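my_file_8.pdb follows; it contains PDB, C-alpha atoms.
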ATOM      1  CA  MET S 297      -8.494  23.456  23.673
ATOM      2  CA  ALA S 298      -6.689  21.233  26.185
ATOM      3  CA  ARG S 299      -9.679  18.904  26.288
ATOM      4  CA  ARG S 300      -9.696  18.685  22.490
ATOM      5  CA  ILE S 301      -5.973  17.892  22.463
ATOM      6  CA  ALA S 302      -6.306  15.236  25.162
ATOM      7  CA  GLU S 303      -9.246  13.604  23.335
ATOM      8  CA  ASN S 304      -8.170  10.548  21.305
ATOM      9  CA  SER S 305      -4.509  11.263  21.987
ATOM     10  CA  ASN S 306      -2.012   8.521  22.757
ATOM     11  CA  VAL S 307       0.498  11.104  23.974
ATOM     12  CA  PHE S 308      -1.300  13.812  25.917
ATOM     13  CA  ASP S 309      -3.527  13.481  28.952
ATOM     14  CA  PHE S 310      -5.586  16.480  30.041
ATOM     15  CA  GLU S 311      -2.922  17.834  32.410
ATOM     16  CA  THR S 312      -0.083  17.788  29.896
ATOM     17  CA  ALA S 313      -2.424  19.112  27.234
ATOM     18  CA  LEU S 314      -3.366  22.003  29.514
ATOM     19  CA  GLU S 315       0.294  22.640  30.209
ATOM     20  CA  LEU S 316       0.970  22.683  26.474
ATOM     21  CA  VAL S 317      -1.860  25.125  25.849
ATOM     22  CA  LEU S 318      -0.595  27.424  28.582
ATOM     23  CA  GLN S 319       3.103  27.193  27.774
ATOM     24  CA  MET S 320       3.089  26.773  24.002
ATOM     25  CA  PRO S 321      -0.272  27.908  22.596
ATOM     26  CA  ALA S 322       1.023  28.124  19.010
ATOM     27  CA  ASP S 323       2.136  24.486  19.115
ATOM     28  CA  ALA S 324      -1.173  23.457  20.658
ATOM     29  CA  GLU S 325      -2.966  25.071  17.717
ATOM     30  CA  LYS S 326      -0.612  23.310  15.344
ATOM     31  CA  ILE S 327      -1.605  19.950  16.841
ATOM     32  CA  LEU S 328      -5.297  20.707  16.401
ATOM     33  CA  ARG S 329      -4.761  21.902  12.821
ATOM     34  CA  MET S 330      -2.759  18.751  12.070
ATOM     35  CA  ARG S 331      -5.589  16.601  13.422
ATOM     36  CA  GLU S 332      -8.184  18.447  11.358
ATOM     37  CA  GLU S 333      -6.076  17.973   8.224
ATOM     38  CA  SER S 334      -5.648  14.283   9.046
ATOM     39  CA  ALA S 335      -9.384  13.888   9.513
ATOM     40  CA  LYS S 336     -10.022  15.550   6.141
ATOM     41  CA  GLU S 337      -7.455  13.307   4.453
ATOM     42  CA  GLU S 338      -9.020  10.268   6.087
ATOM     43  CA  GLU S 339     -12.427  11.291   4.747
ATOM     44  CA  GLU S 340     -10.950  11.719   1.270
ATOM     45  CA  LEU S 341      -9.338   8.292   1.555
ATOM     46  CA  ASP S 342     -12.676   6.809   2.638
ATOM     47  CA  ARG S 343     -14.428   8.360  -0.344
ATOM     48  CA  ALA S 344     -11.730   7.186  -2.761
ATOM     49  CA  TYR S 345     -11.887   3.682  -1.328
ATOM     50  CA  GLU S 346     -15.673   3.652  -1.572
ATOM     51  CA  ARG S 347     -15.491   4.690  -5.239
ATOM     52  CA  LEU S 348     -12.972   1.937  -5.932
ATOM     53  CA  HIS S 349     -15.092  -0.584  -4.050
ATOM     54  CA  GLN S 350     -18.187   0.377  -6.073
ATOM     55  CA  ALA S 351     -16.199   0.145  -9.312
ATOM     56  CA  ALA S 352     -14.993  -3.335  -8.345
ATOM     57  CA  LEU S 353     -18.558  -4.409  -7.486
ATOM     58  CA  GLU S 354     -19.901  -3.074 -10.788
ATOM     59  CA  PHE S 355     -17.129  -4.861 -12.679
ATOM     60  CA  ARG S 356     -18.075  -8.131 -11.071
TER      61      ARG S 356
ATOM     62  CA  MET B 154      -9.768 -26.245  -4.450
ATOM     63  CA  PRO B 155      -7.076 -28.977  -4.835
ATOM     64  CA  ARG B 156      -9.043 -30.289  -7.825
ATOM     65  CA  THR B 157      -8.928 -26.866  -9.448
ATOM     66  CA  HIS B 158      -5.226 -26.657  -8.670
ATOM     67  CA  THR B 159      -4.663 -30.004 -10.412
ATOM     68  CA  LEU B 160      -6.732 -28.879 -13.391
ATOM     69  CA  VAL B 161      -4.620 -25.715 -13.703
ATOM     70  CA  GLN B 162      -1.459 -27.829 -13.533
ATOM     71  CA  LEU B 163      -2.831 -30.111 -16.254
ATOM     72  CA  LEU B 164      -3.792 -27.227 -18.516
ATOM     73  CA  VAL B 165      -0.423 -25.506 -18.102
ATOM     74  CA  GLY B 166       1.280 -28.850 -18.719
ATOM     75  CA  ALA B 167      -0.785 -29.334 -21.861
ATOM     76  CA  ALA B 168       0.109 -25.825 -23.074
ATOM     77  CA  LEU B 169       3.786 -26.496 -22.434
ATOM     78  CA  THR B 170       3.632 -29.879 -24.196
ATOM     79  CA  LEU B 171       1.870 -28.325 -27.176
ATOM     80  CA  ALA B 172       4.467 -25.558 -27.350
ATOM     81  CA  LEU B 173       7.381 -27.997 -27.122
ATOM     82  CA  ALA B 174       5.804 -30.335 -29.684
ATOM     83  CA  ALA B 175       5.261 -27.429 -32.060
ATOM     84  CA  CYS B 176       8.837 -26.321 -31.445
ATOM     85  CA  VAL B 177      10.180 -29.742 -32.528
ATOM     86  CA  LEU B 178       7.663 -30.866 -35.131
ATOM     87  CA  LEU B 179       6.722 -27.664 -36.947
ATOM     88  CA  PRO B 180       8.207 -27.646 -40.448
ATOM     89  CA  LEU B 181      10.483 -24.714 -41.188
ATOM     90  CA  PRO B 182       9.208 -22.315 -43.846
ATOM     91  CA  ASP B 183      11.352 -21.699 -46.921
ATOM     92  CA  ALA B 184      11.913 -18.125 -45.922
ATOM     93  CA  LEU B 185      12.299 -17.537 -42.197
ATOM     94  CA  PRO B 186      10.571 -14.410 -40.845
ATOM     95  CA  ALA B 187      12.734 -11.409 -39.965
ATOM     96  CA  VAL B 188      12.233 -11.899 -36.190
ATOM     97  CA  ALA B 189      14.033 -15.256 -36.445
ATOM     98  CA  LEU B 190      17.183 -13.439 -37.667
ATOM     99  CA  GLY B 191      17.740 -16.248 -40.190
ATOM    100  CA  GLN B 192      18.300 -18.852 -37.447
ATOM    101  CA  PRO B 193      16.037 -21.927 -37.429
ATOM    102  CA  GLY B 194      16.722 -22.564 -33.718
ATOM    103  CA  LEU B 195      15.586 -19.074 -32.775
ATOM    104  CA  TYR B 196      12.510 -19.462 -34.977
ATOM    105  CA  ARG B 197      11.539 -22.689 -33.202
ATOM    106  CA  LEU B 198      12.085 -21.078 -29.792
ATOM    107  CA  GLU B 199       9.938 -18.090 -30.752
ATOM    108  CA  VAL B 200       7.202 -20.400 -32.001
ATOM    109  CA  ALA B 201       7.273 -22.326 -28.693
ATOM    110  CA  LEU B 202       7.189 -19.143 -26.609
ATOM    111  CA  SER B 203       4.372 -17.527 -28.569
ATOM    112  CA  LEU B 204       2.341 -20.729 -28.483
ATOM    113  CA  PHE B 205       2.850 -21.201 -24.749
ATOM    114  CA  TYR B 206       1.942 -17.610 -23.830
ATOM    115  CA  GLY B 207      -0.857 -17.603 -26.392
ATOM    116  CA  CYS B 208      -2.310 -20.715 -24.746
ATOM    117  CA  LEU B 209      -1.979 -19.110 -21.308
ATOM    118  CA  LEU B 210      -3.743 -15.988 -22.562
ATOM    119  CA  ILE B 211      -6.632 -18.099 -23.822
ATOM    120  CA  ILE B 212      -6.692 -20.630 -20.981
ATOM    121  CA  THR B 213      -6.618 -18.139 -18.079
ATOM    122  CA  PRO B 214      -9.784 -16.136 -18.839
ATOM    123  CA  ALA B 215     -11.549 -19.182 -20.304
ATOM    124  CA  PHE B 216     -10.796 -21.287 -17.224
ATOM    125  CA  SER B 217     -11.809 -18.677 -14.644
ATOM    126  CA  GLY B 218     -14.847 -17.742 -16.742
ATOM    127  CA  LEU B 219     -16.009 -21.335 -16.922
ATOM    128  CA  THR B 220     -15.180 -22.428 -13.364
ATOM    129  CA  THR B 221     -15.988 -19.328 -11.290
ATOM    130  CA  GLY B 222     -17.930 -17.145 -13.712
ATOM    131  CA  ARG B 223     -15.445 -14.296 -13.337
ATOM    132  CA  LEU B 224     -13.109 -12.788 -15.877
ATOM    133  CA  PRO B 225      -9.761 -11.274 -14.923
ATOM    134  CA  ILE B 226      -9.446  -7.510 -15.233
ATOM    135  CA  GLU B 227      -5.790  -7.776 -16.178
ATOM    136  CA  ILE B 228      -3.419 -10.459 -17.460
ATOM    137  CA  SER B 229       0.283  -9.736 -17.259
ATOM    138  CA  THR B 230       3.495 -11.726 -17.045
ATOM    139  CA  ARG B 231       2.819 -11.992 -13.284
ATOM    140  CA  GLY B 232      -0.520 -13.692 -13.846
ATOM    141  CA  ALA B 233      -4.172 -12.725 -13.874
ATOM    142  CA  LYS B 234      -5.641 -10.035 -11.622
ATOM    143  CA  PHE B 235      -9.258 -10.178 -10.510
ATOM    144  CA  ALA B 236     -11.553  -7.364  -9.404
ATOM    145  CA  GLU B 237     -11.948  -8.593  -5.826
ATOM    146  CA  GLU B 238      -8.171  -8.868  -5.417
ATOM    147  CA  THR B 239      -7.892  -5.215  -6.424
ATOM    148  CA  ASP B 240     -10.640  -4.433  -3.932
ATOM    149  CA  GLN B 241      -8.792  -6.316  -1.175
ATOM    150  CA  SER B 242      -5.522  -4.576  -2.047
ATOM    151  CA  ALA B 243      -7.288  -1.210  -1.863
ATOM    152  CA  ALA B 244      -8.745  -2.110   1.545
ATOM    153  CA  LEU B 245      -5.305  -3.142   2.760
ATOM    154  CA  ILE B 246      -3.725   0.070   1.472
ATOM    155  CA  LYS B 247      -6.487   2.073   3.172
ATOM    156  CA  VAL B 248      -5.875   0.354   6.528
ATOM    157  CA  ARG B 249      -2.102   0.761   6.240
ATOM    158  CA  THR B 250      -2.388   4.419   5.213
ATOM    159  CA  GLU B 251      -4.653   5.142   8.176
ATOM    160  CA  SER B 252      -2.337   3.406  10.611
ATOM    161  CA  LEU B 253       0.666   5.241   9.141
ATOM    162  CA  GLN B 254      -1.134   8.543   9.484
ATOM    163  CA  ARG B 255      -1.994   7.750  13.107
ATOM    164  CA  ALA B 256       1.638   6.834  13.806
ATOM    165  CA  ALA B 257       2.836  10.045  12.147
ATOM    166  CA  ASN B 258       0.375  12.101  14.208
ATOM    167  CA  ASP B 259       1.450  10.338  17.412
ATOM    168  CA  LEU B 260       5.094  11.005  16.606
ATOM    169  CA  THR B 261       4.401  14.677  15.939
ATOM    170  CA  GLU B 262       2.493  14.965  19.210
ATOM    171  CA  ALA B 263       5.313  13.173  21.023
ATOM    172  CA  LEU B 264       7.688  15.727  19.547
ATOM    173  CA  PHE B 265       5.592  18.568  20.973
ATOM    174  CA  ALA B 266       5.442  16.730  24.310
ATOM    175  CA  ALA B 267       9.235  16.437  24.283
ATOM    176  CA  LYS B 268       9.510  20.159  23.506
ATOM    177  CA  LEU B 269       7.225  20.885  26.442
ATOM    178  CA  GLU B 270       9.318  18.642  28.681
ATOM    179  CA  ILE B 271      12.518  20.417  27.598
ATOM    180  CA  GLN B 272      10.924  23.764  28.375
ATOM    181  CA  ARG B 273       9.833  22.460  31.789
ATOM    182  CA  LEU B 274      13.367  21.206  32.548
ATOM    183  CA  ARG B 275      14.831  24.544  31.508
ATOM    184  CA  LYS B 276      12.495  26.289  33.917
ATOM    185  CA  CYS B 277      13.416  23.846  36.685
ATOM    186  CA  SER B 278      17.091  24.576  36.179
ATOM    187  CA  GLY B 279      16.301  28.238  36.796
ATOM    188  CA  GLY B 280      16.436  29.433  33.190
ATOM    189  CA  ASP B 281      20.217  29.191  33.254
ATOM    190  CA  ASN B 282      21.073  29.192  29.563
ATOM    191  CA  ALA B 283      24.757  29.981  29.970
ATOM    192  CA  GLN B 284      26.765  27.221  28.369
ATOM    193  CA  ARG B 285      29.226  25.478  30.634
ATOM    194  CA  LYS B 286      32.702  24.761  29.421
ATOM    195  CA  VAL B 287      33.592  21.229  28.464
ATOM    196  CA  ASP B 288      35.014  19.345  31.494
ATOM    197  CA  SER B 289      33.526  22.002  33.773
ATOM    198  CA  LYS B 290      32.941  20.642  37.282
ATOM    199  CA  SER B 291      30.216  23.179  38.119
TER     200      SER B 291
END
Would you mind giving the structure from this file in structure tokens?
Amino acid sequence: MARRIAENSNVFDFETALELVLQMPADAEKILRMREESAKEEEELDRAYERLHQAALEFR
Amino acid sequence: MPRTHTLVQLLVGAALTLALAACVLLPLPDALPAVALGQPGLYRLEVALSLFYGCLLIITPAFSGLTTGRLPIEISTRGAKFAEETDQSAALIKVRTESLQRAANDLTEALFAAKLEIQRLRKCSGGDNAQRKVDSKS
């Protein structure tokens, strides 16, 4: 879990991430859930943009 | 591009001249329409405005259709909007949204890091949660 938190994070390195997991496991889970939600939203945004891009291409 | 710019200026100038000429030279009808509220001056102004915007409505798609082979997807009082501009705006919004989301995530993580730091400091101070009085020396 600590490794997953430290991955692609601008705030946590592995040591602080490990400390967070040990001291505040609920918050550590919250961070991971937040990242998963963000990734899903980003995918949705990508799909929406792609649809718009295709529509613009077809219009042209 | 400067040539196109000049051509647009000329066309808009021509539309304006036509509208102003119509405003001055158009004979007044015997019975003014209701929108003129019985005032010849207002009638002339309305004629000029409708002619000018009518010309713009015709000129804009005709010009872009003839010069670039593209038609605008929308014409409003702010001008004509083209498909690729919409596409670019969408790309820009996508980039901004992603960067905002990253910033929000970083801030949330920083908040958790601060909470962790506070907890660490509390532990360092020996878990002493008793509040000291204001102006207390100890």
Quick check on the file I pasted: which residues fall under the PyMOL selection byres ((chain B) within 8 of (chain S))? Write them as number ranges by chain.
B: 223, 236-237, 239-240, 243-244, 247, 251, 254, 258-259, 262-263, 265-266, 269
Polymer residues at most 8 Å from range 210-213 of chain B, all atoms listed in the file, same-chain spacing of 2 or more positions, as a list in words: Leu164, Tyr206, Gly207, Cys208, Ala215, Phe216, Ser217, Ile228 and Ala233 of chain B
As a check of understanding: the span from CA of Pro186 in chain B to CA of Leu173 in chain B is 19.6 Å
inquiry  = From (15.4, -29.3, -42.1), in the file's coordinates, out to 12 Å: which residues are reached, counting only C-alpha atoms? Answer as number ranges by chain.
reply    = B: 177-183, 192-194, 197
Hey, can you spit out that residue selection with C-alpha atoms as a PDB file, keeping the file's coordinate frame?
ATOM      1  CA  VAL B 177      10.180 -29.742 -32.528  1.00  0.00           C
ATOM      2  CA  LEU B 178       7.663 -30.866 -35.131  1.00  0.00           C
ATOM      3  CA  LEU B 179       6.722 -27.664 -36.947  1.00  0.00           C
ATOM      4  CA  PRO B 180       8.207 -27.646 -40.448  1.00  0.00           C
ATOM      5  CA  LEU B 181      10.483 -24.714 -41.188  1.00  0.00           C
ATOM      6  CA  PRO B 182       9.208 -22.315 -43.846  1.00  0.00           C
ATOM      7  CA  ASP B 183      11.352 -21.699 -46.921  1.00  0.00           C
ATOM      8  CA  GLN B 192      18.300 -18.852 -37.447  1.00  0.00           C
ATOM      9  CA  PRO B 193      16.037 -21.927 -37.429  1.00  0.00           C
ATOM     10  CA  GLY B 194      16.722 -22.564 -33.718  1.00  0.00           C
ATOM     11  CA  ARG B 197      11.539 -22.689 -33.202  1.00  0.00           C
TER      12      ARG B 197
END
_as number ranges by chain, please: the residues near Arg300 in chain S (cut-off 9 Å, only C-alpha atoms, same-chain neighbours under 4 positions excluded)._
S: 304, 310, 313, 328
For range 301-308 of chain S, what centre and edge lengths in Å (one decimal) does the axis-aligned box get once 5 Å is added on each side of all its listed atoms, as AutoDock Vina command-line options?
--center_x -4.4 --center_y 13.2 --center_z 23.6 --size_x 19.7 --size_y 19.4 --size_z 14.6
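Atom pair CA of Leu318 in chain S / CA of Ala267 in chain B has a distance of 15.4 Å (rounded to one decimal).
CA of Met297 in chain S to CA of Thr250 in chain B spans 27.2 Å [interatomic distance, one decimal].
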